[in-house]
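Enquirer: Data: upload-v8.txt, compact mmCIF, C-alpha atoms.
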# COMPACT_ATOMS: atom_id res chain seq x y z
CA MET A 289 -36.67 7.97 -14.06
CA SER A 290 -36.88 9.20 -10.46
CA SER A 291 -33.84 10.37 -8.49
CA THR A 292 -33.93 7.19 -6.33
CA GLU A 293 -33.99 4.99 -9.42
CA LYS A 294 -31.00 6.89 -10.84
CA TYR A 295 -28.97 6.36 -7.66
CA VAL A 296 -29.83 2.64 -7.48
CA ALA A 297 -28.92 2.25 -11.16
CA ALA A 298 -25.64 4.14 -10.54
CA ALA A 299 -24.73 1.82 -7.63
CA TYR A 300 -25.31 -1.30 -9.77
CA LEU A 301 -23.56 0.31 -12.76
CA VAL A 302 -20.44 1.00 -10.66
CA VAL A 303 -20.20 -2.69 -9.69
CA PHE A 304 -20.74 -3.77 -13.31
CA VAL A 305 -18.16 -1.29 -14.71
CA MET A 306 -15.58 -2.28 -12.08
CA ILE A 307 -15.93 -5.98 -12.95
CA LEU A 308 -15.74 -5.12 -16.66
CA LEU A 309 -12.61 -3.06 -16.03
CA TYR A 310 -11.08 -6.02 -14.22
CA VAL A 311 -11.87 -8.28 -17.19
CA VAL A 312 -10.19 -5.71 -19.53
CA ILE A 313 -7.08 -5.65 -17.31
CA ILE A 314 -6.91 -9.47 -17.25
CA ALA A 315 -7.42 -9.53 -21.05
CA ALA A 316 -4.54 -7.05 -21.47
CA LYS A 317 -2.37 -9.22 -19.25
CA LEU A 318 -3.21 -12.36 -21.25
CA THR A 319 -2.43 -10.50 -24.50
CA ARG A 320 0.97 -9.50 -23.08
CA LEU A 321 1.67 -13.09 -21.96
CA ASP A 322 0.66 -14.36 -25.41
CA ARG A 323 3.06 -11.89 -27.05
CA GLU A 324 5.88 -12.82 -24.65
CA VAL A 325 5.37 -16.55 -25.29
CA GLY A 326 5.54 -15.82 -29.03
CA GLU A 327 8.75 -13.81 -28.59
CA LEU A 328 10.26 -16.59 -26.48
CA ALA A 329 9.36 -19.16 -29.16
CA ASP A 330 11.00 -16.92 -31.82
CA ASP A 331 14.13 -16.58 -29.64
CA VAL A 332 14.35 -20.35 -29.17
CA ARG A 333 13.83 -20.91 -32.91
CA ALA A 334 16.56 -18.38 -33.75
CA GLN A 335 18.88 -20.00 -31.20
CA ARG A 336 18.23 -23.48 -32.67
CA GLN A 337 18.79 -22.20 -36.24
CA GLY A 338 22.02 -20.54 -35.10
CA GLU A 339 23.17 -23.79 -33.51
CA ALA A 340 22.20 -25.78 -36.63
CA ALA A 341 24.06 -23.32 -38.88
CA GLY A 342 27.08 -23.56 -36.57
CA ASP A 343 26.97 -27.38 -36.69
CA ALA A 344 26.67 -27.35 -40.49
CA ALA A 345 29.60 -24.95 -40.80
CA ALA A 346 31.66 -27.14 -38.47
CA GLY A 347 30.68 -30.20 -40.57
CA VAL A 348 31.83 -28.49 -43.81
CA ALA A 349 35.09 -27.44 -42.15
CA ASP A 350 35.67 -30.99 -40.92
CA ALA A 351 34.95 -32.44 -44.38
CA GLY A 352 37.38 -29.93 -45.92
CA ALA A 353 40.08 -30.87 -43.45
CA ASP A 354 39.52 -34.59 -44.13
CA GLY A 355 39.57 -34.05 -47.89
CA MET B 286 -17.13 -34.66 -1.62
CA LYS B 287 -13.83 -33.99 -3.39
CA LYS B 288 -15.67 -34.27 -6.72
CA LEU B 289 -18.27 -31.78 -5.48
CA ILE B 290 -15.77 -29.08 -4.52
CA ALA B 291 -13.41 -29.70 -7.47
CA PRO B 292 -15.06 -26.97 -9.64
CA LEU B 293 -14.43 -24.47 -6.83
CA ASP B 294 -10.74 -25.07 -7.25
CA ASN B 295 -10.72 -24.07 -10.89
CA ALA B 296 -11.13 -20.58 -12.29
CA VAL B 297 -13.50 -21.55 -15.11
CA GLY B 298 -15.86 -23.49 -12.82
CA LEU B 299 -15.94 -20.63 -10.34
CA ALA B 300 -16.46 -18.01 -13.07
CA LEU B 301 -19.44 -19.98 -14.45
CA LEU B 302 -20.88 -20.38 -10.95
CA ALA B 303 -20.39 -16.65 -10.23
CA THR B 304 -22.07 -15.64 -13.52
CA LEU B 305 -25.06 -17.89 -12.80
CA LEU B 306 -25.39 -16.76 -9.19
CA ILE B 307 -25.06 -13.04 -10.02
CA GLY B 308 -27.83 -13.44 -12.60
CA VAL B 309 -30.07 -15.20 -10.07
CA ALA B 310 -29.17 -12.67 -7.33
CA THR B 311 -30.01 -9.67 -9.56
CA ALA B 312 -33.32 -11.24 -10.61
CA MET B 313 -34.21 -12.01 -6.97
CA THR B 314 -33.26 -8.47 -5.88
CA PHE B 315 -35.56 -6.77 -8.36
CA PHE B 316 -38.36 -9.31 -8.88
CA TYR B 317 -38.58 -11.39 -5.69
CA ALA B 318 -37.50 -9.31 -2.68
CA PRO B 319 -40.28 -6.86 -1.74
CA VAL B 320 -39.76 -3.08 -1.61
CA ASP B 321 -40.03 -2.25 2.10
CA GLU B 322 -40.76 1.05 3.91
CA ASP B 323 -37.25 2.32 3.03
CA GLY B 324 -38.24 2.38 -0.63
CA LEU B 325 -36.28 1.43 -3.71
CA ASN B 326 -32.95 2.58 -2.22
CA GLN B 327 -33.00 -0.56 -0.03
CA LYS B 328 -32.15 -2.55 -3.20
CA ILE B 329 -28.55 -1.28 -2.85
CA PHE B 330 -28.33 -3.27 0.42
CA TYR B 331 -28.41 -6.60 -1.47
CA PHE B 332 -25.12 -5.83 -3.24
CA HIS B 333 -23.47 -3.32 -0.91
CA VAL B 334 -23.45 -5.53 2.23
CA PRO B 335 -22.30 -8.76 0.48
CA ILE B 336 -19.54 -6.75 -1.27
CA ALA B 337 -18.41 -5.35 2.12
CA LEU B 338 -18.47 -8.84 3.70
CA THR B 339 -16.51 -10.20 0.73
CA ALA B 340 -13.91 -7.45 1.23
CA TYR B 341 -13.54 -8.49 4.89
CA ALA B 342 -13.35 -12.17 3.87
CA THR B 343 -10.66 -11.58 1.24
CA PHE B 344 -8.59 -9.45 3.64
CA GLY B 345 -9.00 -12.28 6.18
CA TRP B 346 -7.96 -14.86 3.56
CA GLY B 347 -4.93 -12.72 2.71
CA ALA B 348 -3.97 -12.63 6.39
CA TRP B 349 -4.44 -16.41 6.70
CA LYS B 350 -2.17 -17.00 3.71
CA ALA B 351 0.35 -14.59 5.23
CA LEU B 352 0.28 -16.67 8.42
CA VAL B 353 0.75 -19.87 6.37
CA HIS B 354 3.75 -18.22 4.68
CA LEU B 355 5.36 -17.22 7.99
CA TRP B 356 4.45 -20.38 9.87
CA LYS B 357 4.87 -23.22 7.37
CA LYS B 358 7.01 -21.43 4.76
CA LYS B 359 4.67 -22.88 2.12
CA PRO B 360 5.83 -21.91 -1.39
CA GLY B 361 3.29 -19.68 -3.13
CA ALA B 362 1.51 -18.60 0.07
CA ASP B 363 2.99 -15.09 -0.22
CA LEU B 364 1.63 -14.70 -3.76
CA GLU B 365 -1.77 -16.03 -2.61
CA SER B 366 -1.79 -13.52 0.25
CA TYR B 367 -0.92 -10.67 -2.13
CA VAL B 368 -3.66 -11.63 -4.62
CA ALA B 369 -6.27 -11.97 -1.83
CA ILE B 370 -5.40 -8.51 -0.50
CA HIS B 371 -5.58 -7.10 -4.02
CA GLN B 372 -9.10 -8.59 -4.31
CA GLY B 373 -9.92 -7.07 -0.93
CA THR B 374 -9.00 -3.58 -2.11
CA ILE B 375 -11.14 -4.02 -5.24
CA PHE B 376 -14.15 -5.10 -3.18
CA GLY B 377 -13.28 -2.45 -0.59
CA SER B 378 -13.40 0.34 -3.15
CA LEU B 379 -16.72 -1.04 -4.42
CA THR B 380 -18.02 -1.01 -0.83
CA LEU B 381 -17.01 2.63 -0.39
CA ILE B 382 -18.54 3.72 -3.72
CA THR B 383 -21.84 1.82 -3.40
CA GLY B 384 -22.04 2.85 0.29
CA SER B 385 -21.55 6.51 -0.61
CA ILE B 386 -24.31 6.35 -3.21
CA TRP B 387 -26.63 4.71 -0.68
CA ALA B 388 -25.65 7.28 1.99
CA LYS B 389 -26.48 10.14 -0.37
CA LEU B 390 -29.92 8.63 -0.96
CA ARG B 391 -30.71 7.80 2.67
CA TRP B 392 -28.94 10.52 4.63
CA GLY B 393 -28.39 13.20 1.99
CA HIS B 394 -24.58 13.02 2.39
CA TRP B 395 -21.93 11.21 0.37
CA TRP B 396 -19.82 10.67 3.49
CA LEU B 397 -20.15 11.25 7.25
CA TRP B 398 -16.91 11.52 9.24
CA GLY B 399 -18.80 11.03 12.52
CA GLU B 400 -19.79 7.46 11.62
CA GLN B 401 -17.38 4.92 13.14
CA GLU B 402 -18.46 2.15 10.75
CA LEU B 403 -17.61 4.22 7.69
CA VAL B 404 -14.38 5.69 9.04
CA LEU B 405 -13.12 2.32 10.31
CA PHE B 406 -13.83 0.69 6.97
CA LEU B 407 -11.90 3.51 5.28
CA VAL B 408 -9.01 2.95 7.72
CA ILE B 409 -8.90 -0.79 6.86
CA PHE B 410 -9.10 0.02 3.15
CA LEU B 411 -6.27 2.59 3.34
CA PHE B 412 -4.23 0.24 5.55
CA TYR B 413 -4.36 -2.45 2.87
CA CYS B 414 -3.75 0.11 0.09
CA THR B 415 -0.44 0.95 1.78
CA TYR B 416 0.38 -2.79 1.76
CA PHE B 417 1.14 -2.41 -1.97
CA MET B 418 3.35 0.64 -1.38
CA LEU B 419 5.29 -1.31 1.25
CA ARG B 420 5.53 -4.44 -0.90
CA TYR B 421 6.84 -2.67 -3.97
CA SER B 422 9.30 -0.57 -2.01
CA ILE B 423 11.24 -3.76 -1.15
CA GLU B 424 13.20 -5.82 -3.66
CA ALA B 425 11.56 -9.14 -4.57
CA GLY B 426 12.69 -12.04 -2.40
CA PRO B 427 12.18 -13.64 1.03
CA ARG B 428 12.59 -10.32 2.87
CA ARG B 429 9.75 -8.72 0.92
CA ALA B 430 7.54 -11.78 1.43
CA ASN B 431 8.14 -11.83 5.20
CA ILE B 432 7.60 -8.09 5.76
CA SER B 433 4.45 -8.12 3.59
CA ALA B 434 3.10 -11.12 5.53
CA VAL B 435 3.64 -9.44 8.90
CA TYR B 436 1.90 -6.28 7.64
CA ALA B 437 -1.05 -8.30 6.27
CA LEU B 438 -1.45 -10.00 9.66
CA PHE B 439 -1.54 -6.67 11.51
CA GLY B 440 -4.38 -5.42 9.31
CA VAL B 441 -6.67 -8.32 10.09
CA VAL B 442 -6.96 -7.10 13.72
CA LEU B 443 -8.88 -4.09 12.41
CA ILE B 444 -11.63 -6.26 10.89
CA PRO B 445 -13.43 -7.33 14.13
CA ILE B 446 -13.05 -3.78 15.46
CA SER B 447 -14.72 -2.40 12.34
CA PHE B 448 -17.40 -5.08 12.55
CA LEU B 449 -18.23 -4.33 16.18
CA ALA B 450 -17.86 -0.55 15.94
CA ILE B 451 -21.42 0.07 14.83
CA ARG B 452 -22.82 -2.16 17.58
CA LEU B 453 -20.74 -0.45 20.25
CA ALA B 454 -21.51 3.08 19.02
CA GLU B 455 -24.19 4.95 20.95
CA ASN B 456 -25.19 7.36 18.20
CA TYR B 457 -25.36 6.02 14.71
CA ILE B 458 -27.41 6.35 11.60
CA HIS B 459 -25.84 3.44 9.72
CA PRO B 460 -28.57 0.77 9.66
CA ILE B 461 -28.13 -2.54 11.53
CA ALA B 462 -29.67 -5.39 9.58
CA PHE B 463 -28.36 -8.21 11.79
CA THR B 464 -28.73 -8.18 15.57
CA THR B 465 -28.48 -10.86 18.26
CA ASN B 466 -32.18 -11.51 17.55
CA GLY B 467 -31.38 -12.51 13.98
CA PRO B 468 -31.86 -10.70 10.66
CA GLN B 469 -34.20 -7.69 10.89
CA MET B 470 -35.93 -8.33 7.58
CA ALA B 471 -38.52 -10.52 5.89
CA GLY B 472 -37.65 -14.12 4.95
CA SER B 473 -37.69 -13.33 1.22
CA GLN B 474 -35.32 -10.41 1.77
CA PHE B 475 -32.96 -12.55 3.85
CA GLY B 476 -33.04 -15.32 1.24
CA THR B 477 -32.17 -12.81 -1.49
CA PHE B 478 -29.38 -11.41 0.67
CA LEU B 479 -27.91 -14.91 1.16
CA VAL B 480 -27.95 -15.62 -2.59
CA CYS B 481 -26.25 -12.24 -3.22
CA LEU B 482 -23.65 -13.08 -0.57
CA VAL B 483 -22.85 -16.48 -2.11
CA ALA B 484 -22.72 -14.81 -5.57
CA MET B 485 -20.18 -12.25 -4.35
CA PHE B 486 -18.07 -14.94 -2.67
CA ALA B 487 -18.12 -16.93 -5.93
CA LEU B 488 -17.16 -13.80 -7.92
CA ALA B 489 -14.31 -13.02 -5.53
CA GLY B 490 -13.17 -16.66 -5.71
CA ALA B 491 -13.23 -16.60 -9.53
CA LEU B 492 -11.30 -13.32 -9.74
CA TYR B 493 -8.83 -14.62 -7.13
CA ARG B 494 -8.19 -17.82 -9.07
CA LEU B 495 -7.92 -15.92 -12.38
CA GLU B 496 -5.44 -13.39 -11.03
CA LEU B 497 -3.42 -16.11 -9.32
CA LEU B 498 -3.30 -18.05 -12.58
CA GLY B 499 -2.03 -14.98 -14.44
CA LYS B 500 0.65 -14.27 -11.81
CA ARG B 501 1.84 -17.89 -11.77
CA LEU B 502 1.96 -17.95 -15.57
CA ASP B 503 4.01 -14.75 -15.50
CA THR B 504 6.51 -16.28 -13.06
CA LYS B 505 6.76 -19.55 -15.03
CA LEU B 506 7.34 -17.62 -18.26
CA ARG B 507 10.11 -15.57 -16.64
CA ASP B 508 11.76 -18.78 -15.33
CA LEU B 509 11.43 -20.42 -18.74
CA ARG B 510 13.02 -17.42 -20.49
CA GLU B 511 15.97 -17.50 -18.10
CA LEU B 512 16.33 -21.27 -18.61
CA VAL B 513 16.18 -21.11 -22.40
CA LEU B 514 18.31 -18.03 -22.96
CA SER B 515 20.94 -18.72 -20.32
What would you get if you wrote out this structure as structure tokens?

Expert:
Amino acid sequence: MSSTEKYVAAAYLVVFVMILLYVVIIAAKLTRLDREVGELADDVRAQRQGEAAGDAAAGVADAGADG
Amino acid sequence: MKKLIAPLDNAVGLALLATLLIGVATAMTFFYAPVDEDGLNQKIFYFHVPIALTAYATFGWGAWKALVHLWKKKPGADLESYVAIHQGTIFGSLTLITGSIWAKLRWGHWWLWGEQELVLFLVIFLFYCTYFMLRYSIEAGPRRANISAVYALFGVVLIPISFLAIRLAENYIHPIAFTTNGPQMAGSQFGTFLVCLVAMFALAGALYRLELLGKRLDTKLRDLRELVLS
């Protein structure tokens, strides 16, 4: 490979690597967003379960008071 | 017409178009465009110049969106301006790197401080790099959006100066491929250049849409978290 060919290949390689790097950054961002959506879903689920448990406890207390 | 340009408004359509065009552009560069008297190093021209023009275009787009933000107060225009300028700095750094490699081959130097074209491009690039320092030194909100927009608009003035610098300079070694007499190259070379230019514009458009999508998703997720957990 001549020196000119090496330089031309290097110029094209830089462009390719930069685009690849950008894709990696976007992939990392999407992974983070995916994790955050999962965490948010878990939080909502926990909140709902907490509310349901609270309602059930209130229901038992009401039934006890009625009885 | 709306149906025709619809794919350009979506990240997947643009990414597919960019992939196809970059493949065609690379094939044309190495198998269609002839090697002229400059030798093989001239092949860098087909990517270096379109990348530089794309950097100018994205900086210009960023400034336009900044103007839309200031003028019409359109929601989202500030984010669009920021993403366009971010794309501009990516393409700007690629311009500087590929240009330096080409300069080393043609002139035997990685960089020449006496060349107005190179120095002015570096000034524009550094100007827009400081945009991010300014933006993140201000708390998020309307004040940050307004100051960033004004800064982005100032930078766009440098683009025509940079563009004309080489034509106004008396002593230069940076080649001029386009004069008032048209492109100074064979038809096949000009055709290849145009395909490379469209490919770079499509790539910039795809990356712009993708980044914008990510940023909007981020904002929506933050809003949703506040809504759900409040």

Enquirer: At a cut-off of 7 Å, which residues of chain A touch chain B? Count all atoms listed in the file and give the answer as a list in words.

Expert: Thr292, Tyr295, Val296, Ala299, Val303 and Leu328 of chain A

Enquirer: Can I get the selected residues back with C-alpha atoms, as a JSON list (two decimals), in the coordinates of the input?

Expert:
[["chain", "number", "residue", "atom", "x", "y", "z"],
["A", 292, "THR", "CA", -33.93, 7.19, -6.33],
["A", 295, "TYR", "CA", -28.97, 6.36, -7.66],
["A", 296, "VAL", "CA", -29.83, 2.64, -7.48],
["A", 299, "ALA", "CA", -24.73, 1.82, -7.63],
["A", 303, "VAL", "CA", -20.20, -2.69, -9.69],
["A", 328, "LEU", "CA", 10.26, -16.59, -26.48]]

Enquirer: Report, in Å with one decimal, the straight-line distance from atom CA of A:Leu308 to atom CA of B:Val483.

Expert: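 Calculated distance between atom CA of A:Leu308 and atom CA of B:Val483 is 19.8 Å.
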
Enquirer: Got a sec: who's within 12 Å of B:Phe439, counting only C-alpha atoms, leaving out chain neighbours fewer than 4 positions off, as number ranges by chain?

Expert: B: 344-345, 347-349, 351-352, 409, 412-413, 416, 432-435, 443-444

Enquirer: For the residues selected in the previous step, produce a file with C-alpha atoms as a tab-separated table (two decimals), in the coordinates of the input.

Expert:
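Contents of result-v5.tsv, as written:
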chain	number	residue	atom	x	y	z
B	344	PHE	CA	-8.59	-9.45	3.64
B	345	GLY	CA	-9.00	-12.28	6.18
B	347	GLY	CA	-4.93	-12.72	2.71
B	348	ALA	CA	-3.97	-12.63	6.39
B	349	TRP	CA	-4.44	-16.41	6.70
B	351	ALA	CA	0.35	-14.59	5.23
B	352	LEU	CA	0.28	-16.67	8.42
B	409	ILE	CA	-8.90	-0.79	6.86
B	412	PHE	CA	-4.23	0.24	5.55
B	413	TYR	CA	-4.36	-2.45	2.87
B	416	TYR	CA	0.38	-2.79	1.76
B	432	ILE	CA	7.60	-8.09	5.76
B	433	SER	CA	4.45	-8.12	3.59
B	434	ALA	CA	3.10	-11.12	5.53
B	435	VAL	CA	3.64	-9.44	8.90
B	443	LEU	CA	-8.88	-4.09	12.41
B	444	ILE	CA	-11.63	-6.26	10.89

Enquirer: Would you mind telling me which residue in B:Ala303, B:Leu498, B:Ala491, B:Met470 lies nearest to B:Asp321 when using all atoms listed in the file?

Expert: B:Met470

Enquirer: Please tell me which residues are no farther than 6 Å from (-24.5, -12.9, -5.3) in the file, counting all atoms listed in the file, and write them as a short mmCIF file (atom, residue, chain, number, x, y, z; two decimals) with C-alpha atoms, in the frame of the given file.

Expert:
data_model
loop_
_atom_site.label_atom_id
_atom_site.label_comp_id
_atom_site.auth_asym_id
_atom_site.auth_seq_id
_atom_site.Cartn_x
_atom_site.Cartn_y
_atom_site.Cartn_z
CA LEU B 306 -25.39 -16.76 -9.19
CA ILE B 307 -25.06 -13.04 -10.02
CA ALA B 310 -29.17 -12.67 -7.33
CA VAL B 480 -27.95 -15.62 -2.59
CA CYS B 481 -26.25 -12.24 -3.22
CA LEU B 482 -23.65 -13.08 -0.57
CA VAL B 483 -22.85 -16.48 -2.11
CA ALA B 484 -22.72 -14.81 -5.57
CA MET B 485 -20.18 -12.25 -4.35
#

Enquirer: Rounded to one decimal, what separation in Å do you get between atom CA of A:Ala297 and atom CA of B:Leu381?

Expert: 16.1 Å

Enquirer: Here is a test: counting all atoms listed in the file, which residue of B:Leu301, B:Tyr331, B:Gly373, B:Leu355 is nearest to A:Tyr300?

Expert: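 That would be B:Tyr331, the residue with the smallest distance to A:Tyr300.
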
Enquirer: Please compute the atom CA of A:Met306-atom CA of B:Pro445 distance, one decimal, in Å.

Expert: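 Those two atoms sit 26.8 Å apart.
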
Enquirer: So that I can see what lies close to B:Pro360, please list as a PyMOL selection string the residues with an atom at most 12 Å from it, counting all atoms listed in the file and leaving out residues fewer than 6 positions away in the same chain.

Expert: chain B and resi 350-351+353-354+366+427+430+501

Enquirer: Dump C-alpha atoms for the selected residues as a PDB file, keeping the file's coordinate frame?

Expert:
ATOM      1  CA  LYS B 350      -2.170 -17.000   3.710  1.00  0.00           C
ATOM      2  CA  ALA B 351       0.350 -14.590   5.230  1.00  0.00           C
ATOM      3  CA  VAL B 353       0.750 -19.870   6.370  1.00  0.00           C
ATOM      4  CA  HIS B 354       3.750 -18.220   4.680  1.00  0.00           C
ATOM      5  CA  SER B 366      -1.790 -13.520   0.250  1.00  0.00           C
ATOM      6  CA  PRO B 427      12.180 -13.640   1.030  1.00  0.00           C
ATOM      7  CA  ALA B 430       7.540 -11.780   1.430  1.00  0.00           C
ATOM      8  CA  ARG B 501       1.840 -17.890 -11.770  1.00  0.00           C
TER       9      ARG B 501
END
